[in-house]
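Student: Pasting start29.csv here (CSV, C-alpha atoms):
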chain,number,residue,atom,x,y,z
X,1307,MET,CA,0.0,0.0,0.0
X,1308,GLU,CA,2.9,2.3,0.6
X,1309,ASP,CA,3.3,2.6,-3.2
X,1310,TYR,CA,0.2,4.7,-3.3
X,1311,TYR,CA,1.6,7.4,-0.9
X,1312,TYR,CA,3.6,9.8,-3.1
X,1313,ASP,CA,3.6,13.4,-4.1
X,1314,ARG,CA,1.4,13.7,-7.1
X,1315,THR,CA,3.7,16.4,-8.5
X,1316,ARG,CA,5.4,13.5,-10.3
X,1317,ASN,CA,3.5,10.7,-12.0
X,1318,LEU,CA,6.5,8.8,-13.5
X,1319,SER,CA,9.5,7.1,-12.0
X,1320,GLY,CA,12.6,5.5,-13.5
X,1321,ILE,CA,12.4,7.6,-16.7
X,1322,ASN,CA,15.6,9.1,-18.0
X,1323,TYR,CA,15.7,12.9,-18.1
X,1324,VAL,CA,15.8,14.3,-21.6
X,1325,ASP,CA,16.2,17.8,-23.0
X,1326,LEU,CA,13.2,19.0,-24.9
X,1327,THR,CA,15.5,20.3,-27.7
X,1328,GLY,CA,15.7,16.6,-28.7
X,1329,PHE,CA,12.1,16.7,-29.8
X,1330,CYS,CA,10.7,18.6,-32.8
X,1331,PRO,CA,7.0,19.6,-32.8
X,1332,SER,CA,4.6,18.2,-35.5
X,1333,TYR,CA,3.1,20.2,-38.4
X,1334,GLY,CA,0.2,22.4,-37.2
X,1335,MET,CA,2.3,24.3,-34.6
X,1336,GLN,CA,0.7,27.7,-33.8
X,1337,VAL,CA,2.3,30.7,-32.2
X,1338,THR,CA,0.4,33.7,-30.8
X,1339,PHE,CA,2.3,36.9,-30.2
X,1340,ARG,CA,0.8,39.6,-28.0
X,1341,ALA,CA,2.0,43.0,-26.8
X,1342,LYS,CA,1.6,44.1,-23.2
X,1343,ASN,CA,1.1,47.9,-23.4
X,1344,ASP,CA,-0.1,50.7,-21.2
X,1345,THR,CA,-2.8,52.6,-23.2
X,1346,ILE,CA,-3.9,56.1,-22.4
X,1347,THR,CA,-7.0,57.4,-24.1
X,1348,TYR,CA,-7.7,61.1,-24.9
X,1349,ASP,CA,-10.5,63.1,-26.5
X,1350,ASN,CA,-11.4,62.5,-30.1
X,1351,ASN,CA,-10.4,58.8,-29.9
X,1352,TYR,CA,-6.7,59.7,-29.7
X,1353,PHE,CA,-4.6,57.3,-27.7
X,1354,SER,CA,-1.0,56.6,-26.8
X,1355,LYS,CA,0.6,53.2,-26.2
X,1356,ASN,CA,3.8,52.4,-24.3
X,1357,PRO,CA,5.2,48.9,-23.5
X,1358,LYS,CA,4.7,47.8,-19.9
X,1359,THR,CA,8.1,46.1,-19.6
X,1360,ILE,CA,11.2,45.4,-21.6
X,1361,ASN,CA,9.7,42.0,-22.2
X,1362,SER,CA,6.5,43.5,-23.7
X,1363,VAL,CA,6.0,41.1,-26.6
X,1364,THR,CA,5.1,37.6,-25.4
X,1365,ALA,CA,4.6,34.4,-27.4
X,1366,GLU,CA,2.4,31.4,-26.7
X,1367,PHE,CA,3.5,28.3,-28.6
X,1368,SER,CA,0.8,25.6,-29.0
X,1369,LEU,CA,2.9,22.5,-29.8
X,1370,SER,CA,2.1,18.8,-30.5
X,1371,TYR,CA,4.7,16.0,-30.4
X,1372,ASP,CA,3.9,12.8,-32.3
X,1373,VAL,CA,5.9,10.1,-30.4
X,1374,ASN,CA,5.9,6.5,-29.2
X,1375,GLU,CA,5.2,5.6,-25.6
X,1376,LYS,CA,8.8,6.1,-24.5
X,1377,GLY,CA,8.9,9.6,-26.0
X,1378,ALA,CA,5.6,10.5,-24.3
X,1379,GLN,CA,7.0,9.3,-21.0
X,1380,GLU,CA,10.1,11.4,-21.5
X,1381,ILE,CA,8.3,14.6,-22.4
X,1382,ALA,CA,5.8,14.2,-19.6
X,1383,ASN,CA,8.5,13.4,-17.1
X,1384,ASN,CA,10.5,16.5,-18.2
X,1385,LEU,CA,7.5,18.8,-17.9
X,1386,GLU,CA,6.4,17.5,-14.5
X,1387,SER,CA,10.0,18.0,-13.2
X,1388,LEU,CA,9.8,21.7,-14.1
X,1389,SER,CA,6.5,22.1,-12.2
X,1390,GLY,CA,5.4,25.1,-14.3
X,1391,GLN,CA,7.7,27.4,-12.3
X,1392,ASN,CA,11.1,26.7,-14.0
X,1393,SER,CA,12.0,27.8,-17.5
X,1394,PHE,CA,13.4,25.5,-20.1
X,1395,VAL,CA,14.8,25.6,-23.6
X,1396,PHE,CA,12.7,24.0,-26.3
X,1397,LYS,CA,13.0,23.6,-30.1
X,1398,THR,CA,10.6,24.6,-32.8
X,1399,ASP,CA,11.9,24.1,-36.3
X,1400,ASN,CA,15.3,25.9,-36.3
X,1401,VAL,CA,14.3,27.6,-39.5
X,1402,ILE,CA,11.6,30.1,-38.5
X,1403,TYR,CA,12.3,30.4,-34.7
X,1404,LYS,CA,15.4,30.1,-32.5
X,1405,ASP,CA,15.6,27.7,-29.7
X,1406,LEU,CA,13.7,29.6,-27.0
X,1407,SER,CA,13.3,29.6,-23.3
X,1408,GLY,CA,9.8,29.4,-21.8
X,1409,TYR,CA,7.4,28.0,-19.2
X,1410,CYS,CA,4.8,25.3,-19.5
X,1411,ASP,CA,1.6,25.3,-17.4
X,1412,GLY,CA,0.5,21.8,-18.3
X,1413,TYR,CA,0.2,19.1,-20.9
X,1414,GLY,CA,-2.2,16.6,-22.5
X,1415,ILE,CA,-1.6,13.2,-24.0
X,1416,GLN,CA,-3.7,11.7,-26.8
X,1417,HIS,CA,-3.4,7.9,-26.7
X,1418,VAL,CA,-3.8,7.2,-30.4
X,1419,ASN,CA,-2.9,3.5,-30.1
X,1420,GLN,CA,-0.4,1.3,-28.3
X,1421,ASP,CA,2.5,2.6,-30.4
X,1422,SER,CA,1.4,6.1,-31.2
X,1423,TYR,CA,0.9,9.1,-28.8
X,1424,THR,CA,0.5,12.9,-29.3
X,1425,VAL,CA,1.7,15.1,-26.5
X,1426,ASN,CA,0.0,18.6,-26.6
X,1427,THR,CA,1.3,21.5,-24.6
X,1428,ASN,CA,1.4,25.3,-24.5
X,1429,ILE,CA,4.7,27.0,-23.8
X,1430,PHE,CA,4.8,30.7,-22.8
X,1431,VAL,CA,7.8,32.8,-23.7
X,1432,ASP,CA,7.4,36.0,-21.6
X,1433,GLU,CA,10.9,36.9,-20.7
X,1434,ALA,CA,12.4,37.9,-24.1
X,1435,PRO,CA,13.7,41.5,-24.0
X,1436,ASN,CA,12.4,42.5,-27.4
X,1437,LEU,CA,13.1,46.2,-26.8
X,1438,PHE,CA,16.8,45.6,-26.4
X,1439,ASN,CA,17.7,43.0,-29.1
X,1440,TRP,CA,16.9,45.2,-32.2
X,1441,LYS,CA,19.8,43.9,-34.2
X,1442,ASN,CA,19.4,40.1,-34.1
X,1443,THR,CA,15.7,39.8,-32.9
X,1444,ASN,CA,14.6,37.6,-30.0
X,1445,PHE,CA,12.2,35.1,-31.6
X,1446,ILE,CA,13.0,34.5,-35.3
X,1447,GLU,CA,16.0,33.2,-37.1
X,1448,TYR,CA,17.4,36.4,-38.7
X,1449,THR,CA,20.9,37.1,-40.1
X,1450,TYR,CA,21.8,40.8,-39.8
X,1451,LYS,CA,22.8,42.3,-43.2
X,1452,GLU,CA,23.7,45.9,-44.2
X,1453,TRP,CA,22.8,47.3,-47.6
X,1454,SER,CA,25.6,47.4,-50.2
X,1455,ASP,CA,25.9,48.7,-53.7
X,1456,GLY,CA,26.0,46.3,-56.7
X,1457,GLU,CA,24.3,43.5,-54.7
X,1458,THR,CA,21.5,41.3,-56.1
X,1459,TYR,CA,18.5,41.5,-53.8
X,1460,GLU,CA,15.2,39.5,-54.0
X,1461,GLN,CA,11.7,40.4,-52.8
X,1462,ASP,CA,11.3,40.3,-49.1
X,1463,ASP,CA,15.0,40.6,-48.3
X,1464,VAL,CA,15.7,42.6,-45.1
X,1465,ILE,CA,18.6,44.9,-44.8
X,1466,TYR,CA,19.9,47.6,-42.4
X,1467,TYR,CA,20.6,51.0,-43.9
X,1468,ASN,CA,22.2,53.6,-41.5
X,1469,ASN,CA,19.9,56.5,-42.0
X,1470,SER,CA,18.6,57.4,-38.6
X,1471,GLU,CA,19.8,57.7,-35.0
X,1472,ILE,CA,17.1,55.3,-34.0
X,1473,GLN,CA,18.5,51.9,-34.9
X,1474,TRP,CA,15.3,50.0,-35.3
X,1475,ASP,CA,14.1,52.7,-37.8
X,1476,ASN,CA,17.0,51.6,-40.2
X,1477,PHE,CA,15.5,48.3,-41.4
X,1478,TYR,CA,14.1,48.2,-44.9
X,1479,TYR,CA,12.2,45.5,-46.8
X,1480,CYS,CA,12.7,44.7,-50.5
X,1481,THR,CA,9.6,45.2,-52.7
X,1482,GLY,CA,11.0,43.5,-55.8
X,1483,ASP,CA,14.0,41.7,-57.3
X,1484,HIS,CA,16.8,44.1,-58.4
X,1485,VAL,CA,20.5,44.8,-58.5
X,1486,SER,CA,21.3,47.6,-56.0
X,1487,SER,CA,22.4,51.1,-57.0
X,1488,ALA,CA,22.3,54.6,-55.5
X,1489,SER,CA,19.0,55.3,-57.3
X,1490,ASN,CA,17.2,52.2,-55.9
X,1491,SER,CA,18.8,52.4,-52.5
X,1492,PRO,CA,16.5,52.8,-49.4
X,1493,THR,CA,16.7,56.6,-49.8
X,1494,GLY,CA,17.1,56.7,-53.6
X,1495,ALA,CA,14.6,58.4,-56.0
X,1496,SER,CA,13.5,55.0,-57.4
X,1497,THR,CA,13.8,53.1,-54.2
X,1498,ALA,CA,13.1,49.3,-54.2
X,1499,TRP,CA,12.8,49.3,-50.4
X,1500,SER,CA,9.9,50.1,-48.0
X,1501,GLN,CA,9.2,50.5,-44.4
X,1502,GLU,CA,5.4,50.3,-44.9
X,1503,PHE,CA,3.3,47.2,-44.4
X,1504,TYR,CA,3.1,46.5,-48.1
X,1505,TRP,CA,1.9,42.9,-48.2
X,1506,GLN,CA,-1.5,42.1,-49.7
X,1507,PRO,CA,-3.9,40.0,-47.7
X,1508,ASP,CA,-6.1,37.1,-49.0
X,1509,VAL,CA,-9.2,38.0,-50.9
X,1510,ASN,CA,-12.7,37.8,-49.2
X,1511,MET,CA,-11.4,39.8,-46.2
X,1512,GLN,CA,-14.0,41.7,-44.2
X,1513,ASN,CA,-13.6,44.8,-42.1
X,1514,ASN,CA,-16.2,46.5,-39.8
X,1515,VAL,CA,-16.5,50.2,-39.0
X,1516,ASN,CA,-18.5,51.1,-35.9
X,1517,PHE,CA,-19.4,54.8,-35.4
X,1518,THR,CA,-18.8,56.4,-32.1
X,1519,THR,CA,-21.8,58.5,-31.2
X,1520,ALA,CA,-23.5,59.7,-28.1
X,1521,LYS,CA,-27.1,58.5,-27.5
X,1522,PHE,CA,-29.7,60.4,-25.4
X,1523,ASN,CA,-32.6,58.3,-24.4
X,1524,GLY,CA,-36.0,59.9,-24.2
X,1525,VAL,CA,-39.3,59.8,-25.9
X,1526,TRP,CA,-37.3,59.9,-29.1
X,1527,GLU,CA,-33.8,58.6,-29.0
X,1528,GLN,CA,-31.3,61.2,-30.2
X,1529,ARG,CA,-27.8,60.6,-31.5
X,1530,MET,CA,-25.0,63.2,-31.7
X,1531,LYS,CA,-21.5,63.3,-32.9
X,1532,THR,CA,-19.5,64.6,-30.0
X,1533,LYS,CA,-15.9,63.9,-31.1
X,1534,LYS,CA,-13.7,63.5,-34.2
X,1535,HIS,CA,-12.4,60.3,-35.7
X,1536,ILE,CA,-15.7,58.3,-35.1
X,1537,ALA,CA,-15.1,55.9,-38.1
X,1538,LEU,CA,-11.8,54.2,-37.4
X,1539,VAL,CA,-11.0,51.2,-39.5
X,1540,PRO,CA,-9.6,48.3,-37.6
X,1541,LEU,CA,-8.2,45.4,-39.7
X,1542,SER,CA,-7.7,41.7,-39.4
X,1543,TYR,CA,-5.8,40.2,-42.3
X,1544,THR,CA,-5.1,36.6,-43.1
X,1545,PHE,CA,-2.2,35.5,-45.3
X,1546,ALA,CA,-2.7,31.8,-46.1
X,1547,GLY,CA,-0.2,29.4,-47.6
X,1548,ILE,CA,2.7,32.0,-47.8
X,1549,SER,CA,6.3,31.0,-48.3
X,1550,LYS,CA,8.9,30.7,-45.5
X,1551,LYS,CA,10.7,33.7,-46.8
X,1552,GLN,CA,7.7,36.0,-46.8
X,1553,LEU,CA,6.7,34.8,-43.4
X,1554,LEU,CA,10.1,35.5,-41.9
X,1555,THR,CA,10.2,39.0,-43.4
X,1556,MET,CA,6.7,39.8,-42.0
X,1557,LEU,CA,7.6,38.3,-38.6
X,1558,HIS,CA,10.7,40.5,-38.6
X,1559,PHE,CA,8.6,43.6,-39.4
X,1560,LEU,CA,6.1,42.9,-36.7
X,1561,GLU,CA,8.6,41.9,-34.0
X,1562,LEU,CA,10.6,45.1,-34.7
X,1563,LYS,CA,7.5,47.2,-34.2
X,1564,GLY,CA,7.1,45.7,-30.7
X,1565,GLY,CA,3.3,45.8,-30.6
X,1566,TYR,CA,3.3,49.6,-30.1
X,1567,ARG,CA,5.3,51.4,-32.8
X,1568,ARG,CA,3.3,52.9,-35.7
X,1569,PHE,CA,3.7,52.0,-39.4
X,1570,ARG,CA,2.2,53.1,-42.7
X,1571,HIS,CA,-0.3,50.9,-44.5
X,1572,GLN,CA,-2.6,51.6,-47.5
X,1573,ILE,CA,-5.7,49.4,-47.5
X,1574,PRO,CA,-5.5,47.8,-50.9
X,1575,THR,CA,-9.2,48.2,-51.9
X,1576,VAL,CA,-12.2,50.5,-51.3
X,1577,TYR,CA,-10.4,53.0,-49.0
X,1578,ASN,CA,-8.3,55.6,-50.7
X,1579,LYS,CA,-7.1,57.7,-47.7
X,1580,PRO,CA,-3.7,56.7,-46.1
X,1581,LYS,CA,-3.7,55.1,-42.7
X,1582,ILE,CA,-1.3,54.7,-39.8
X,1583,TYR,CA,-1.6,51.4,-37.8
X,1584,ILE,CA,-0.3,49.6,-34.7
X,1585,CYS,CA,-0.3,45.8,-34.6
X,1586,ASN,CA,-0.9,44.4,-31.1
X,1587,GLU,CA,-1.3,40.7,-32.0
X,1588,TRP,CA,-0.3,38.3,-34.7
X,1589,VAL,CA,-0.7,34.5,-35.1
X,1590,HIS,CA,1.4,32.1,-37.1
X,1591,LYS,CA,0.4,28.6,-38.0
X,1592,TRP,CA,3.0,26.3,-39.4
X,1593,ASN,CA,1.3,24.0,-42.1
X,1594,ASN,CA,4.6,22.5,-43.4
X,1595,PRO,CA,8.1,23.8,-44.0
X,1596,GLU,CA,7.1,25.8,-47.1
X,1597,SER,CA,3.5,26.8,-46.3
X,1598,HIS,CA,2.5,29.1,-43.4
X,1599,ASP,CA,-0.6,31.0,-42.4
X,1600,LEU,CA,-0.3,34.4,-40.7
X,1601,THR,CA,-3.1,36.5,-39.2
X,1602,VAL,CA,-2.5,40.1,-38.1
X,1603,SER,CA,-4.7,42.5,-36.1
X,1604,PHE,CA,-4.3,46.2,-36.7
X,1605,GLU,CA,-5.5,49.1,-34.7
X,1606,GLU,CA,-5.8,52.4,-36.5
X,1607,ASP,CA,-4.1,55.5,-34.9
X,1608,PRO,CA,-6.3,58.5,-35.6
X,1609,LEU,CA,-3.5,61.0,-35.0
X,1610,GLY,CA,-2.1,59.8,-38.3
X,1611,ILE,CA,1.4,61.3,-37.7
X,1612,MET,CA,4.8,59.7,-37.8
X,1613,PRO,CA,8.0,61.6,-37.3
X,1614,LYS,CA,10.0,61.8,-40.5
X,1615,ASN,CA,13.4,59.9,-40.5
X,1616,VAL,CA,15.9,61.9,-38.5
X,1617,PRO,CA,19.3,61.7,-40.2
X,1618,VAL,CA,22.3,60.5,-38.2
X,1619,GLY,CA,23.5,63.4,-36.1
X,1620,GLY,CA,20.0,65.0,-36.0
X,1621,THR,CA,18.2,66.1,-32.9
X,1622,ILE,CA,15.2,64.0,-31.6
X,1623,PRO,CA,13.0,65.8,-29.1
X,1624,ARG,CA,11.6,63.9,-26.2
X,1625,LYS,CA,8.0,65.0,-26.9
X,1626,ILE,CA,6.0,66.3,-29.8
X,1627,VAL,CA,4.0,68.9,-27.9
X,1628,GLY,CA,5.9,72.2,-27.9
X,1629,SER,CA,8.5,71.0,-30.3
X,1630,PRO,CA,8.8,72.9,-33.6
X,1631,ASP,CA,8.2,71.0,-36.8
X,1632,THR,CA,11.8,71.5,-37.8
X,1633,PHE,CA,12.9,69.0,-35.2
X,1634,PHE,CA,11.1,66.4,-37.3
X,1635,GLY,CA,11.8,67.8,-40.7
X,1636,GLY,CA,8.0,68.5,-40.7
X,1637,PHE,CA,5.3,66.0,-39.9
X,1638,ASP,CA,4.8,63.1,-42.2
X,1639,GLY,CA,1.3,61.7,-42.4
X,1640,GLY,CA,2.6,58.5,-43.8
X,1641,PHE,CA,2.0,59.2,-47.5
X,1642,ASP,CA,2.0,61.9,-50.1
X,1643,GLU,CA,-1.6,62.9,-49.9
X,1644,PRO,CA,-3.4,62.5,-53.2
X,1645,ASN,CA,-5.9,65.1,-54.4
X,1646,LEU,CA,-8.9,63.7,-52.5
X,1647,PRO,CA,-12.3,65.3,-52.0
X,1648,THR,CA,-12.5,67.0,-48.6
X,1649,ALA,CA,-14.5,65.1,-45.9
Give the structure from this file in structure tokens form.
Tutor:
Amino acid sequence: MEDYYYDRTRNLSGINYVDLTGFCPSYGMQVTFRAKNDTITYDNNYFSKNPKTINSVTAEFSLSYDVNEKGAQEIANNLESLSGQNSFVFKTDNVIYKDLSGYCDGYGIQHVNQDSYTVNTNIFVDEAPNLFNWKNTNFIEYTYKEWSDGETYEQDDVIYYNNSEIQWDNFYYCTGDHVSSASNSPTGASTAWSQEFYWQPDVNMQNNVNFTTAKFNGVWEQRMKTKKHIALVPLSYTFAGISKKQLLTMLHFLELKGGYRRFRHQIPTVYNKPKIYICNEWVHKWNNPESHDLTVSFEEDPLGIMPKNVPVGGTIPRKIVGSPDTFFGGFDGGFDEPNLPTA
């Protein structure tokens, strides 16, 4: 009877300890990135976002391991030994993501048959200092490269071009295959590089616009516009079956924005006014090594202002209010505004 008296923190004995980097998850792995921000709201639907911590971008990996009984025992024994309070290094695919350190709150085992088991688990990466590692990134496999003249570049290449004192503002994304020259450099007149979110989502997307109005209840309900920017356009895009290279470039773009930094985006259809967005959450599903799904959620910033690039050696004020436009080289609404009818 003494065999039944044991601490149920551990349900296995006599199992060799193994490192989880020895197991690779099955196809169907999903990763959800979220930003932890402090948000302050103002009149007219204006807002500001700032990261809560230096580890403001977190990732939740939903992983499955298809193994035999011995493998299921080893994974379960390893996770139980960590008790949810100790971090550990785990492997994803070594192509999209680095080996990462995270925490596991639990696991499940699907008993397919006597020789086949699927271990399901969620691993949380919430101690990655994304605000510090701008050069080599925290999550994705990325090789830092600087722009050079006479080089052959392909669409979705990522390069660093020293044009601003803010290092993370110096990354550019290739919009088409070309051989580099001064004219098509990131600052050239016929540039082949962009810092906008230029990727096109799948067809059949839907967006919803909800008007912000005040309602006064009485015999007849009355409605009144009491603020500006009442028709913001949030977006949720899905990119299905994209290549590994496109995925890596988009993940680099999103990780570098940190879930709070603004970027330009022109909605590809219907809307013809330029937009400034923030991406607070994005989800990657790994179908197979060359096919990936990516879903992004955008929040529109009604202020619609981004500081222009400040050249190396320029002065960057600590706040916009009270600072002359010359500090920014003028304000840039994100695009050259076309001749549009006034609202």
Student: If we draw a sphere of 8 Å around (-5.6, 61.0, -34.4), which residues have at least one atom in it when counting all atoms listed in the file? Please report them as a ChimeraX atom specification.
Tutor: /X:1350-1353,1535,1607-1611
Student: Could you make a table, as CSV, of the residues of region 1450-1506 of chain X that have an atom within 9 Å of an atom of region 1537-1553 of chain X, each with its nearest atom pair and distance in Å to one decimal, counting only C-alpha atoms, in chain and number order?
Tutor:
residue,atom,partner,partner_atom,distance
X:Gln1461,CA,X:Gln1552,CA,8.4
X:Asp1462,CA,X:Gln1552,CA,6.1
X:Asp1463,CA,X:Lys1551,CA,8.3
X:Trp1505,CA,X:Phe1545,CA,8.9
X:Gln1506,CA,X:Phe1545,CA,8.0
Student: Show which residues sit within 10 Å of region 1499-1502 of chain X, as a VMD selection string. Count all atoms listed in the file, and ignore same-chain residues fewer than 2 positions away.
Tutor: chain X and resid 1461 to 1465 1475 to 1482 1490 to 1494 1496 to 1497 1504 to 1505 1559 1568 to 1572 1582 1640 to 1641
Student: Using only C-alpha atoms, can you tell me which of X:Tyr1566, X:Phe1339, X:Tyr1348, X:Tyr1403 comes closest to Lys1533 (chain X)?
Tutor: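 Among the listed residues, X:Tyr1348 lies closest to Lys1533 (chain X).
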Student: Quick one: everything within 7 Å of Tyr1333 (chain X), counting only C-alpha atoms, minus sequence neighbours fewer than 6 positions away in the same chain. Send it as a list in words.
Tutor: Trp1592, Asn1593 and Asn1594 of chain X
Student: Generate the output file for the selected residues, C-alpha atoms, as an mmCIF file, keeping the file's coordinate frame.
Tutor:
data_model
loop_
_atom_site.group_PDB
_atom_site.id
_atom_site.type_symbol
_atom_site.label_atom_id
_atom_site.label_comp_id
_atom_site.auth_asym_id
_atom_site.auth_seq_id
_atom_site.Cartn_x
_atom_site.Cartn_y
_atom_site.Cartn_z
ATOM 1 C CA TRP X 1592 3.000 26.300 -39.400
ATOM 2 C CA ASN X 1593 1.300 24.000 -42.100
ATOM 3 C CA ASN X 1594 4.600 22.500 -43.400
#
Student: What's the 8 Å shell around region 1318-1322 of chain X, counting all atoms listed in the file, without same-chain residues fewer than 4 positions away, as a short mmCIF file (atom, residue, chain, number, x, y, z; two decimals) with C-alpha atoms, in the frame of the given file?
Tutor:
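File selection_36.cif, as written:
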data_model
loop_
_atom_site.label_atom_id
_atom_site.label_comp_id
_atom_site.auth_asym_id
_atom_site.auth_seq_id
_atom_site.Cartn_x
_atom_site.Cartn_y
_atom_site.Cartn_z
CA GLN X 1379 7.00 9.30 -21.00
CA GLU X 1380 10.10 11.40 -21.50
CA ASN X 1383 8.50 13.40 -17.10
#
Student: For Thr1398 (chain X), find every residue with an atom within 10 Å (counting only C-alpha atoms), except residues of its own chain fewer than 5 positions away, and show them as a list in words.
Tutor: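 Residues near the query, excluding close chain neighbours: Thr1327, Phe1329, Cys1330, Pro1331, Ser1332, Met1335, Phe1367, Leu1369, Tyr1403, Lys1404, Asp1405 and Leu1406 of chain X.
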Student: CA of His1590 (chain X) and CA of Val1337 (chain X), how far apart in Å?
Tutor: 5.2 Å
